[in-house]
Amino acid sequence: MPEGWQFPDVTIYLVGILGLLVVWQYYQMQIMAGRILAVDIFDRSGIRMYLYVTPDDDHICEVCAASNGRVYLPSQVAKKNFSPLDGRCQRPTPCIGVLIGLYGAWLEARGVLENLRRNIKNGGIQLSAEEVRALVNGQWERCISADTDRLGIQMIEALSYEKINQEIAIQGYRYVVEEAREVRHLLLLVPAYLRLLQLLLRAGEEAEALETIERFEIRFPSTKRGAHFPSEKQRETVRTKKAQLLKGLPLKISA
Ligand SMILES: [Zn+2]
């Protein structure tokens with residue numbers, strides 16, 4: 001380097017930032033591929049509340065169904081041994097239930113958040129099934145948190161419309177399966193795949209069901225493990241359904 005020639009200070013900062021980006025990207029890729037057993041892959045940035053939602057389905061056990069619609073602050077979810085359930089799930093293959101993080105800047109969500117903060121000392125709040133639907137039927141798309149919340153809202157909508165409007169539910173799960181790319185969305189992926197599969201089979205959409213199973217197998221190779229990967233029982237359920245579909249046997253439709 002010629003004498004007297006120096007890198008401007010800003011270059012050093014930029015190199016530093018670039019280095020961090022590379023490390024972060026690498027870490028994200030490792031989590032996505034299931035190579036890191038992330039103890040906690042919740043990304044709490046931009047999340048102001050969490051909503052626990054179970055599918056609107058008769059096969060959900062009493063313990064899980066009793067927690068549907070509970071709302072939490074990120075500080076509660078961050079506590080060790082946090083669980084939205086009051087006891088253990090009563091089914092051998094645990095029910096699907098999802099904790100969905102929201103920024104929630106639209107009117108209905110702001111109301112829920114204010115109510116939660118007011119009642120946090122009384123044990124928090126729980127929304128009824130109608131209130132959960134009213135929340136996602138609000139004008140969320142017109143407000144600043146639309147991009148942050150879009151995927152979570154699609155998931156809530158899908159879960160809470162399974163019985164009322166199967167087509168809306170299928171569309172919501174399809175969206176999640178196709179668009180979940182950020183680390184904070186990974187925990188929604190397996191539930192979305194499993195519920196989508198269930199609804200497609202119920203609707204007699206066997207070709208798309210088989211295609212969904214194949215995408216699931218590629219997305220979650222059985223040789224890999226990760227915090228957001230399917231459990232062995234969930235894999236077994238999918239394998240059984242695939243075998244039945246391939247043989248053209250009538251499918252037993254259950255959760
Ligand atoms: Zn359960």
# chains A, B, ... in the order shown; residues from 1 in each chain; ligands from 1
$ residues_near_ligand --ligand "ligand 1" --cutoff "6 Å" --atoms "only C-alpha atoms and all ligand atoms" --output "list in words"
Ile60, Cys61, Val63, Cys64, Cys89, Gln90, Arg91, Pro94 and Cys95 of chain A
$ residues_around --residues "Ser83 in chain A" --least-positions-apart "4" --cutoff "12 Å" --atoms "only C-alpha atoms" --output "number ranges by chain"
A: 50, 52, 63-64, 67, 70-72, 76-79, 87-89, 97-99
$ atom_distance --atom1 "CA of Ile170 in chain A" --atom2 "CA of Ala207 in chain A"
14.4 Å
$ select_by_dssp --residues "range 67-96 of chain A" --states "alpha helix (DSSP H)" --output "VMD selection string"
chain A and resid 74 to 77
$ write_last_selection --atoms "C-alpha atoms" --output "PDB file, in the first residue's frame"
ATOM      1  CA  PRO A  74     -43.333 -11.567  24.392  1.00  0.00           C
ATOM      2  CA  SER A  75     -41.953 -11.328  27.949  1.00  0.00           C
ATOM      3  CA  GLN A  76     -44.299 -14.133  29.047  1.00  0.00           C
ATOM      4  CA  VAL A  77     -43.447 -16.359  26.083  1.00  0.00           C
TER       5      VAL A  77
END
$ closest_residue --among "A:Leu246, A:Val177, A:Leu188, A:Val53" --to "Glu157 in chain A" --atoms "only C-alpha atoms"
A:Val53
$ residues_around --residues "Phe229 in chain A" --least-positions-apart "5" --cutoff "9 Å" --atoms "only C-alpha atoms" --output "number ranges by chain"
A: 34, 186-187, 189-190, 220, 224
$ write_last_selection --atoms "C-alpha atoms" --output "compact mmCIF listing (two decimals), in the first residue's frame"
# COMPACT_ATOMS: atom_id res chain seq x y z
CA GLY A 34 -32.26 -28.22 10.32
CA LEU A 186 -40.43 -21.79 10.61
CA LEU A 187 -42.50 -23.00 13.53
CA LEU A 189 -44.44 -24.70 8.60
CA VAL A 190 -45.08 -28.22 9.91
CA PHE A 220 -37.93 -32.01 5.88
CA LYS A 224 -32.04 -34.10 9.29
$ select_by_dssp --residues "range 15-130 of chain A" --states "strand (DSSP E or B)" --output "compact mmCIF listing (two decimals) with C-alpha atoms, in the first residue's frame"
# COMPACT_ATOMS: atom_id res chain seq x y z
CA MET A 49 -48.00 -10.10 21.26
CA TYR A 50 -48.48 -13.81 20.67
CA LEU A 51 -51.78 -15.51 19.98
CA TYR A 52 -52.26 -19.23 20.57
CA VAL A 53 -54.54 -20.84 18.00
CA ARG A 70 -55.03 -17.02 24.59
CA VAL A 71 -52.89 -13.92 24.13
CA TYR A 72 -49.43 -13.32 25.59
CA VAL A 98 -49.54 -22.65 17.08
CA LEU A 99 -48.21 -19.62 18.87
CA ILE A 100 -48.33 -16.79 16.36
CA GLY A 101 -46.41 -13.56 16.87
CA LEU A 102 -47.95 -10.29 15.70
CA ILE A 125 -56.75 -12.55 28.31
CA GLN A 126 -58.33 -15.11 26.01
$ closest_atom_pairs --of "range 202-223 of chain A" --to "range 232-236 of chain A" --cutoff "12 Å" --atoms "only C-alpha atoms" --output "CSV"
residue,atom,partner,partner_atom,distance
A:Ile213,CA,A:Arg235,CA,10.1
A:Phe216,CA,A:Arg235,CA,9.5
A:Glu217,CA,A:Arg235,CA,8.9
A:Phe220,CA,A:Arg235,CA,9.4
A:Pro221,CA,A:Arg235,CA,10.2
A:Ser222,CA,A:Arg235,CA,8.5
A:Thr223,CA,A:Glu232,CA,11.7
$ residues_around --residues "Gln198 in chain A" --least-positions-apart "2" --cutoff "10 Å" --atoms "only C-alpha atoms" --output "ChimeraX atom specification"
/A:170,192-196,200-203,209,238,241,253-255
$ closest_residue --among "A:Arg48, A:Ala134, A:Trp140, A:Glu178" --to "Glu114 in chain A" --atoms "only C-alpha atoms"
A:Arg48
